[in-house]
file work31.cif (mmCIF, N, CA and C atoms)
data_model
#
loop_
_atom_site.group_PDB
_atom_site.id
_atom_site.type_symbol
_atom_site.label_atom_id
_atom_site.label_comp_id
_atom_site.auth_asym_id
_atom_site.auth_seq_id
_atom_site.Cartn_x
_atom_site.Cartn_y
_atom_site.Cartn_z
ATOM 1 N N MET A 1 104.777 89.530 114.294
ATOM 2 C CA MET A 1 104.672 90.972 114.406
ATOM 3 C C MET A 1 103.269 91.400 114.012
ATOM 4 N N ILE A 2 102.653 92.169 114.838
ATOM 5 C CA ILE A 2 101.319 92.667 114.535
ATOM 6 C C ILE A 2 101.445 94.019 113.859
ATOM 7 N N ARG A 3 100.803 94.124 112.729
ATOM 8 C CA ARG A 3 100.792 95.385 112.002
ATOM 9 C C ARG A 3 99.343 95.694 111.667
ATOM 10 N N ILE A 4 98.819 96.763 112.202
ATOM 11 C CA ILE A 4 97.439 97.146 111.955
ATOM 12 C C ILE A 4 97.446 98.496 111.255
ATOM 13 N N ARG A 5 96.868 98.499 110.077
ATOM 14 C CA ARG A 5 96.811 99.732 109.298
ATOM 15 C C ARG A 5 95.403 100.317 109.348
ATOM 16 N N GLU A 6 95.320 101.593 109.138
ATOM 17 C CA GLU A 6 94.025 102.252 108.980
ATOM 18 C C GLU A 6 93.544 101.924 107.575
ATOM 19 N N MET A 7 92.434 101.227 107.468
ATOM 20 C CA MET A 7 91.920 100.799 106.166
ATOM 21 C C MET A 7 90.627 101.540 105.856
ATOM 22 N N LEU A 8 90.392 101.785 104.574
ATOM 23 C CA LEU A 8 89.151 102.422 104.127
ATOM 24 C C LEU A 8 88.423 101.471 103.194
ATOM 25 N N ASP A 9 87.088 101.462 103.296
ATOM 26 C CA ASP A 9 86.309 100.620 102.395
ATOM 27 C C ASP A 9 86.067 101.358 101.078
ATOM 28 N N ARG A 10 85.236 100.778 100.213
ATOM 29 C CA ARG A 10 84.977 101.387 98.895
ATOM 30 C C ARG A 10 84.374 102.778 98.979
ATOM 31 N N ASN A 11 83.638 103.036 100.045
ATOM 32 C CA ASN A 11 82.982 104.334 100.215
ATOM 33 C C ASN A 11 83.855 105.342 100.954
ATOM 34 N N GLY A 12 85.072 104.958 101.250
ATOM 35 C CA GLY A 12 85.974 105.858 101.963
ATOM 36 C C GLY A 12 85.778 105.860 103.469
ATOM 37 N N GLU A 13 84.945 104.955 103.975
ATOM 38 C CA GLU A 13 84.708 104.849 105.412
ATOM 39 C C GLU A 13 85.787 103.959 106.035
ATOM 40 N N PRO A 14 86.226 104.270 107.253
ATOM 41 C CA PRO A 14 87.228 103.416 107.903
ATOM 42 C C PRO A 14 86.671 102.020 108.190
ATOM 43 N N VAL A 15 87.498 101.021 107.973
ATOM 44 C CA VAL A 15 87.136 99.638 108.294
ATOM 45 C C VAL A 15 87.557 99.428 109.750
ATOM 46 N N PRO A 16 86.598 99.183 110.643
ATOM 47 C CA PRO A 16 86.958 99.090 112.058
ATOM 48 C C PRO A 16 87.676 97.793 112.401
ATOM 49 N N ILE A 17 88.598 97.881 113.333
ATOM 50 C CA ILE A 17 89.255 96.704 113.869
ATOM 51 C C ILE A 17 88.414 96.161 115.020
ATOM 52 N N PHE A 18 87.883 97.071 115.828
ATOM 53 C CA PHE A 18 87.059 96.692 116.966
ATOM 54 C C PHE A 18 85.602 96.959 116.632
ATOM 55 N N LEU A 19 84.745 96.011 117.014
ATOM 56 C CA LEU A 19 83.317 96.130 116.762
ATOM 57 C C LEU A 19 82.629 96.675 118.006
ATOM 58 N N HIS A 20 81.627 97.501 117.805
ATOM 59 C CA HIS A 20 80.863 98.068 118.914
ATOM 60 C C HIS A 20 79.397 97.696 118.730
ATOM 61 N N GLY A 21 78.791 97.182 119.766
ATOM 62 C CA GLY A 21 77.377 96.851 119.717
ATOM 63 C C GLY A 21 77.052 95.664 118.828
ATOM 64 N N ASN A 22 77.987 94.741 118.655
ATOM 65 C CA ASN A 22 77.723 93.564 117.847
ATOM 66 C C ASN A 22 76.692 92.697 118.554
ATOM 67 N N ARG A 23 75.675 92.259 117.844
ATOM 68 C CA ARG A 23 74.582 91.521 118.493
ATOM 69 C C ARG A 23 75.008 90.152 119.014
ATOM 70 N N TYR A 24 76.133 89.644 118.558
ATOM 71 C CA TYR A 24 76.626 88.360 119.043
ATOM 72 C C TYR A 24 77.695 88.515 120.124
ATOM 73 N N GLY A 25 78.059 89.741 120.439
ATOM 74 C CA GLY A 25 79.061 89.986 121.474
ATOM 75 C C GLY A 25 80.490 89.955 120.970
ATOM 76 N N TYR A 26 80.688 89.891 119.663
ATOM 77 C CA TYR A 26 82.045 89.880 119.121
ATOM 78 C C TYR A 26 82.671 91.256 119.265
ATOM 79 N N ARG A 27 83.971 91.284 119.484
ATOM 80 C CA ARG A 27 84.691 92.546 119.683
ATOM 81 C C ARG A 27 85.710 92.837 118.599
ATOM 82 N N ILE A 28 86.157 91.800 117.882
ATOM 83 C CA ILE A 28 87.186 91.939 116.854
ATOM 84 C C ILE A 28 86.568 91.694 115.485
ATOM 85 N N ASN A 29 86.896 92.554 114.528
ATOM 86 C CA ASN A 29 86.435 92.402 113.150
ATOM 87 C C ASN A 29 87.404 91.458 112.437
ATOM 88 N N VAL A 30 87.038 90.176 112.334
ATOM 89 C CA VAL A 30 87.945 89.188 111.740
ATOM 90 C C VAL A 30 88.033 89.327 110.224
ATOM 91 N N THR A 31 87.205 90.163 109.614
ATOM 92 C CA THR A 31 87.300 90.384 108.170
ATOM 93 C C THR A 31 88.229 91.549 107.826
ATOM 94 N N HIS A 32 88.759 92.240 108.846
ATOM 95 C CA HIS A 32 89.726 93.310 108.588
ATOM 96 C C HIS A 32 90.953 92.667 107.935
ATOM 97 N N PRO A 33 91.475 93.271 106.872
ATOM 98 C CA PRO A 33 92.600 92.647 106.141
ATOM 99 C C PRO A 33 93.830 92.331 106.988
ATOM 100 N N ASP A 34 94.074 93.055 108.063
ATOM 101 C CA ASP A 34 95.235 92.770 108.912
ATOM 102 C C ASP A 34 94.925 91.748 110.003
ATOM 103 N N ILE A 35 93.665 91.506 110.281
ATOM 104 C CA ILE A 35 93.260 90.548 111.306
ATOM 105 C C ILE A 35 92.977 89.177 110.693
ATOM 106 N N GLU A 36 92.448 89.152 109.485
ATOM 107 C CA GLU A 36 92.023 87.903 108.856
ATOM 108 C C GLU A 36 93.121 86.832 108.783
ATOM 109 N N PRO A 37 94.379 87.164 108.435
ATOM 110 C CA PRO A 37 95.408 86.113 108.418
ATOM 111 C C PRO A 37 95.612 85.463 109.793
ATOM 112 N N HIS A 38 95.549 86.261 110.864
ATOM 113 C CA HIS A 38 95.679 85.719 112.218
ATOM 114 C C HIS A 38 94.489 84.810 112.537
ATOM 115 N N TRP A 39 93.310 85.215 112.131
ATOM 116 C CA TRP A 39 92.083 84.451 112.358
ATOM 117 C C TRP A 39 92.147 83.107 111.628
ATOM 118 N N MET A 40 92.559 83.118 110.374
ATOM 119 C CA MET A 40 92.616 81.886 109.594
ATOM 120 C C MET A 40 93.704 80.951 110.141
ATOM 121 N N ARG A 41 94.852 81.508 110.527
ATOM 122 C CA ARG A 41 95.922 80.694 111.088
ATOM 123 C C ARG A 41 95.475 80.087 112.418
ATOM 124 N N TRP A 42 94.773 80.861 113.243
ATOM 125 C CA TRP A 42 94.275 80.358 114.519
ATOM 126 C C TRP A 42 93.286 79.211 114.288
ATOM 127 N N ARG A 43 92.397 79.378 113.316
ATOM 128 C CA ARG A 43 91.411 78.332 113.015
ATOM 129 C C ARG A 43 92.102 77.040 112.582
ATOM 130 N N GLU A 44 93.100 77.170 111.732
ATOM 131 C CA GLU A 44 93.821 75.979 111.260
ATOM 132 C C GLU A 44 94.592 75.319 112.403
ATOM 133 N N THR A 45 95.208 76.116 113.273
ATOM 134 C CA THR A 45 95.968 75.592 114.396
ATOM 135 C C THR A 45 95.087 74.775 115.341
ATOM 136 N N PHE A 46 93.860 75.237 115.551
ATOM 137 C CA PHE A 46 92.969 74.562 116.488
ATOM 138 C C PHE A 46 91.990 73.619 115.804
ATOM 139 N N GLY A 47 92.277 73.268 114.547
ATOM 140 C CA GLY A 47 91.493 72.257 113.856
ATOM 141 C C GLY A 47 90.106 72.686 113.433
ATOM 142 N N GLU A 48 89.884 73.990 113.326
ATOM 143 C CA GLU A 48 88.588 74.483 112.884
ATOM 144 C C GLU A 48 88.608 74.624 111.370
ATOM 145 N N SER A 49 87.567 74.151 110.729
ATOM 146 C CA SER A 49 87.476 74.247 109.279
ATOM 147 C C SER A 49 87.436 75.712 108.857
ATOM 148 N N THR A 50 88.125 76.027 107.776
ATOM 149 C CA THR A 50 88.085 77.397 107.259
ATOM 150 C C THR A 50 86.956 77.564 106.254
ATOM 151 N N HIS A 51 86.187 76.500 106.013
ATOM 152 C CA HIS A 51 85.092 76.565 105.043
ATOM 153 C C HIS A 51 83.725 76.698 105.697
ATOM 154 N N PHE A 52 83.650 76.512 107.002
ATOM 155 C CA PHE A 52 82.378 76.561 107.700
ATOM 156 C C PHE A 52 82.473 77.532 108.868
ATOM 157 N N PRO A 53 81.350 78.105 109.278
ATOM 158 C CA PRO A 53 81.379 79.010 110.442
ATOM 159 C C PRO A 53 81.808 78.257 111.697
ATOM 160 N N VAL A 54 82.421 78.974 112.609
ATOM 161 C CA VAL A 54 82.837 78.382 113.879
ATOM 162 C C VAL A 54 81.795 78.707 114.946
ATOM 163 N N SER A 55 81.879 78.012 116.064
ATOM 164 C CA SER A 55 80.958 78.270 117.166
ATOM 165 C C SER A 55 81.283 79.612 117.818
ATOM 166 N N ASP A 56 80.311 80.135 118.539
ATOM 167 C CA ASP A 56 80.526 81.380 119.274
ATOM 168 C C ASP A 56 81.648 81.221 120.291
ATOM 169 N N GLU A 57 81.712 80.056 120.940
ATOM 170 C CA GLU A 57 82.758 79.820 121.936
ATOM 171 C C GLU A 57 84.143 79.868 121.298
ATOM 172 N N CYS A 58 84.265 79.283 120.116
ATOM 173 C CA CYS A 58 85.544 79.283 119.406
ATOM 174 C C CYS A 58 85.940 80.711 119.028
ATOM 175 N N ARG A 59 84.989 81.461 118.512
ATOM 176 C CA ARG A 59 85.258 82.845 118.101
ATOM 177 C C ARG A 59 85.671 83.688 119.304
ATOM 178 N N LEU A 60 84.959 83.541 120.411
ATOM 179 C CA LEU A 60 85.287 84.322 121.596
ATOM 180 C C LEU A 60 86.628 83.909 122.190
ATOM 181 N N GLU A 61 86.980 82.634 122.077
ATOM 182 C CA GLU A 61 88.295 82.175 122.543
ATOM 183 C C GLU A 61 89.408 82.806 121.702
ATOM 184 N N PHE A 62 89.204 82.895 120.384
ATOM 185 C CA PHE A 62 90.174 83.577 119.524
ATOM 186 C C PHE A 62 90.323 85.025 119.968
ATOM 187 N N GLU A 63 89.195 85.694 120.195
ATOM 188 C CA GLU A 63 89.245 87.101 120.579
ATOM 189 C C GLU A 63 90.008 87.290 121.882
ATOM 190 N N LYS A 64 89.776 86.427 122.851
ATOM 191 C CA LYS A 64 90.500 86.534 124.125
ATOM 192 C C LYS A 64 92.001 86.382 123.913
ATOM 193 N N SER A 65 92.398 85.368 123.161
ATOM 194 C CA SER A 65 93.832 85.145 122.962
ATOM 195 C C SER A 65 94.454 86.252 122.125
ATOM 196 N N PHE A 66 93.736 86.735 121.113
ATOM 197 C CA PHE A 66 94.279 87.780 120.253
ATOM 198 C C PHE A 66 94.398 89.105 120.999
ATOM 199 N N VAL A 67 93.367 89.465 121.761
ATOM 200 C CA VAL A 67 93.411 90.724 122.514
ATOM 201 C C VAL A 67 94.528 90.682 123.545
ATOM 202 N N ARG A 68 94.692 89.546 124.237
ATOM 203 C CA ARG A 68 95.771 89.420 125.221
ATOM 204 C C ARG A 68 97.131 89.587 124.533
ATOM 205 N N TYR A 69 97.335 88.895 123.413
ATOM 206 C CA TYR A 69 98.604 88.974 122.689
ATOM 207 C C TYR A 69 98.868 90.404 122.199
ATOM 208 N N PHE A 70 97.857 91.007 121.594
ATOM 209 C CA PHE A 70 97.949 92.353 121.047
ATOM 210 C C PHE A 70 98.273 93.351 122.161
ATOM 211 N N PHE A 71 97.594 93.242 123.300
ATOM 212 C CA PHE A 71 97.782 94.164 124.416
ATOM 213 C C PHE A 71 99.180 94.049 124.996
ATOM 214 N N VAL A 72 99.644 92.828 125.193
ATOM 215 C CA VAL A 72 100.948 92.606 125.819
ATOM 216 C C VAL A 72 102.097 93.029 124.904
ATOM 217 N N HIS A 73 101.949 92.834 123.597
ATOM 218 C CA HIS A 73 103.051 93.110 122.682
ATOM 219 C C HIS A 73 103.120 94.542 122.164
ATOM 220 N N LEU A 74 102.092 95.333 122.372
ATOM 221 C CA LEU A 74 102.172 96.738 121.978
ATOM 222 C C LEU A 74 102.607 97.567 123.178
ATOM 223 N N PRO A 75 103.569 98.462 123.009
ATOM 224 C CA PRO A 75 103.949 99.332 124.120
ATOM 225 C C PRO A 75 102.765 100.229 124.499
ATOM 226 N N PRO A 76 102.657 100.625 125.754
ATOM 227 C CA PRO A 76 101.510 101.424 126.200
ATOM 228 C C PRO A 76 101.246 102.666 125.364
ATOM 229 N N ASP A 77 102.288 103.320 124.864
ATOM 230 C CA ASP A 77 102.073 104.535 124.084
ATOM 231 C C ASP A 77 101.548 104.259 122.671
ATOM 232 N N ARG A 78 101.563 103.003 122.218
ATOM 233 C CA ARG A 78 101.066 102.671 120.882
ATOM 234 C C ARG A 78 99.733 101.926 120.909
ATOM 235 N N ARG A 79 99.205 101.657 122.105
ATOM 236 C CA ARG A 79 97.940 100.929 122.219
ATOM 237 C C ARG A 79 96.766 101.839 121.904
ATOM 238 N N PRO A 80 95.890 101.399 121.011
ATOM 239 C CA PRO A 80 94.667 102.179 120.809
ATOM 240 C C PRO A 80 93.824 102.149 122.080
ATOM 241 N N ALA A 81 93.110 103.226 122.353
ATOM 242 C CA ALA A 81 92.262 103.284 123.544
ATOM 243 C C ALA A 81 91.228 102.165 123.513
ATOM 244 N N GLU A 82 90.747 101.826 122.328
ATOM 245 C CA GLU A 82 89.764 100.754 122.203
ATOM 246 C C GLU A 82 90.342 99.425 122.666
ATOM 247 N N LEU A 83 91.606 99.189 122.387
ATOM 248 C CA LEU A 83 92.242 97.940 122.808
ATOM 249 C C LEU A 83 92.266 97.846 124.323
ATOM 250 N N SER A 84 92.629 98.930 124.981
ATOM 251 C CA SER A 84 92.674 98.922 126.445
ATOM 252 C C SER A 84 91.281 98.689 127.024
ATOM 253 N N ALA A 85 90.262 99.275 126.411
ATOM 254 C CA ALA A 85 88.888 99.095 126.888
ATOM 255 C C ALA A 85 88.439 97.649 126.710
ATOM 256 N N VAL A 86 88.735 97.050 125.558
ATOM 257 C CA VAL A 86 88.356 95.660 125.304
ATOM 258 C C VAL A 86 89.121 94.730 126.238
ATOM 259 N N TYR A 87 90.404 94.999 126.451
ATOM 260 C CA TYR A 87 91.208 94.178 127.359
ATOM 261 C C TYR A 87 90.624 94.226 128.770
ATOM 262 N N ALA A 88 90.269 95.421 129.234
ATOM 263 C CA ALA A 88 89.705 95.566 130.578
ATOM 264 C C ALA A 88 88.360 94.849 130.684
ATOM 265 N N GLU A 89 87.597 94.834 129.610
ATOM 266 C CA GLU A 89 86.303 94.159 129.615
ATOM 267 C C GLU A 89 86.475 92.640 129.680
ATOM 268 N N ILE A 90 87.440 92.113 128.938
ATOM 269 C CA ILE A 90 87.656 90.669 128.889
ATOM 270 C C ILE A 90 88.393 90.169 130.123
ATOM 271 N N PHE A 91 89.390 90.927 130.575
ATOM 272 C CA PHE A 91 90.231 90.510 131.694
ATOM 273 C C PHE A 91 90.123 91.520 132.834
ATOM 274 N N PRO A 92 89.005 91.537 133.554
ATOM 275 C CA PRO A 92 88.881 92.506 134.661
ATOM 276 C C PRO A 92 89.877 92.191 135.768
ATOM 277 N N LEU A 93 90.317 93.235 136.432
ATOM 278 C CA LEU A 93 91.256 93.052 137.543
ATOM 279 C C LEU A 93 90.536 92.457 138.743
ATOM 280 N N GLU A 94 91.274 91.728 139.544
ATOM 281 C CA GLU A 94 90.713 91.062 140.719
ATOM 282 C C GLU A 94 90.165 92.054 141.740
ATOM 283 N N ASP A 95 90.866 93.199 141.916
ATOM 284 C CA ASP A 95 90.444 94.144 142.950
ATOM 285 C C ASP A 95 89.331 95.081 142.478
ATOM 286 N N GLY A 96 88.914 94.953 141.214
ATOM 287 C CA GLY A 96 87.806 95.759 140.702
ATOM 288 C C GLY A 96 88.203 97.129 140.200
ATOM 289 N N SER A 97 89.487 97.502 140.288
ATOM 290 C CA SER A 97 89.897 98.806 139.777
ATOM 291 C C SER A 97 89.936 98.780 138.260
ATOM 292 N N LYS A 98 89.865 99.945 137.652
ATOM 293 C CA LYS A 98 89.837 100.059 136.200
ATOM 294 C C LYS A 98 91.237 100.122 135.591
ATOM 295 N N GLU A 99 92.232 100.405 136.403
ATOM 296 C CA GLU A 99 93.590 100.618 135.905
ATOM 297 C C GLU A 99 94.244 99.282 135.583
ATOM 298 N N GLN A 100 94.757 99.140 134.355
ATOM 299 C CA GLN A 100 95.471 97.923 133.945
ATOM 300 C C GLN A 100 96.959 98.104 134.222
ATOM 301 N N PRO A 101 97.631 97.044 134.602
ATOM 302 C CA PRO A 101 99.074 97.160 134.853
ATOM 303 C C PRO A 101 99.832 97.433 133.559
ATOM 304 N N GLU A 102 100.927 98.150 133.690
ATOM 305 C CA GLU A 102 101.778 98.416 132.546
ATOM 306 C C GLU A 102 102.536 97.155 132.208
ATOM 307 N N GLU A 103 102.536 96.787 130.937
ATOM 308 C CA GLU A 103 103.267 95.607 130.480
ATOM 309 C C GLU A 103 104.543 96.084 129.810
ATOM 310 N N SER A 104 105.644 95.486 130.149
ATOM 311 C CA SER A 104 106.884 95.856 129.467
ATOM 312 C C SER A 104 107.061 94.976 128.266
ATOM 313 N N GLY A 105 107.603 95.514 127.218
ATOM 314 C CA GLY A 105 107.816 94.753 125.998
ATOM 315 C C GLY A 105 109.113 93.959 126.015
ATOM 316 N N GLN A 106 109.743 93.839 127.153
ATOM 317 C CA GLN A 106 111.032 93.165 127.238
ATOM 318 C C GLN A 106 110.893 91.783 127.784
#

call {"tool": "encode", "arguments": {"input": "work31.cif", "output": "structure tokens"}}
result
Amino acid sequence: MIRIREMLDRNGEPVPIFLHGNRYGYRINVTHPDIEPHWMRWRETFGESTHFPVSDECRLEFEKSFVRYFFVHLPPDRRPAELSAVYAEIFPLEDGSKEQPEESGQ
């Protein structure tokens, strides 16, 4: 079950789940308290050390799988707009349209 809470840092600023303008092209904030357990479990599952940085390819593969899972399992009315934008960026439709198909949670 994915549970994402609105988190605030020490200064009262929101801790973002999605990153914008990251110089490495990352889209997910893996240090967010609700994302980090998924990130660490994914690293362990795929044999990546949790003590050393992972490659960019590994990080981007996690982001693709996590965004796909997150998008499919959240009903359309509960999806953050940022999630839909990131999903469309990672998984563009074949016909080039911007509209993503509705996924049923059943």

call {"tool": "closest_residue", "arguments": {"input": "work31.cif", "among": "A:Val54, A:Leu60, A:Val30, A:Met40", "to": "Phe18 (chain A)", "atoms": "all atoms listed in the file"}}
result
A:Val30

call {"tool": "resolve_selection", "arguments": {"input": "work31.cif", "expression": "the PyMOL selection byres (((chain A and resi 80-86 and name CA) around 8) and name CA)", "output": "ChimeraX atom specification"}}
result
/A:18,27,67,71,78-79,87-90

call {"tool": "residues_around", "arguments": {"input": "work31.cif", "residues": "Phe46 (chain A)", "least_positions_apart": "6", "cutoff": "12 Å", "atoms": "only C-alpha atoms", "output": "ChimeraX atom specification"}}
result
/A:39-40,54,58-59,61-62

call {"tool": "atom_distance", "arguments": {"input": "work31.cif", "atom1": "CA of Lys64 (chain A)", "atom2": "CA of Asn29 (chain A)"}}
result
13.1 Å

call {"tool": "atom_distance", "arguments": {"input": "work31.cif", "atom1": "CA of Asp9 (chain A)", "atom2": "CA of Arg23 (chain A)"}}
result
21.9 Å

call {"tool": "atom_distance", "arguments": {"input": "work31.cif", "atom1": "CA of Leu8 (chain A)", "atom2": "CA of His32 (chain A)"}}
result
10.2 Å

call {"tool": "axis_aligned_box", "arguments": {"input": "work31.cif", "around": "region 69-83 of chain A", "padding_each_side": "3 Å", "output": "lines of an AutoDock Vina configuration file"}}
result
center_x = 96.9
center_y = 96.7
center_z = 123.5
size_x = 20.2
size_y = 21.6
size_z = 11.4

call {"tool": "residues_around", "arguments": {"input": "work31.cif", "residues": "Met7 (chain A)", "least_positions_apart": "3", "cutoff": "8 Å", "atoms": "only C-alpha atoms", "output": "NGL selection string"}}
result
:A and (14-16)
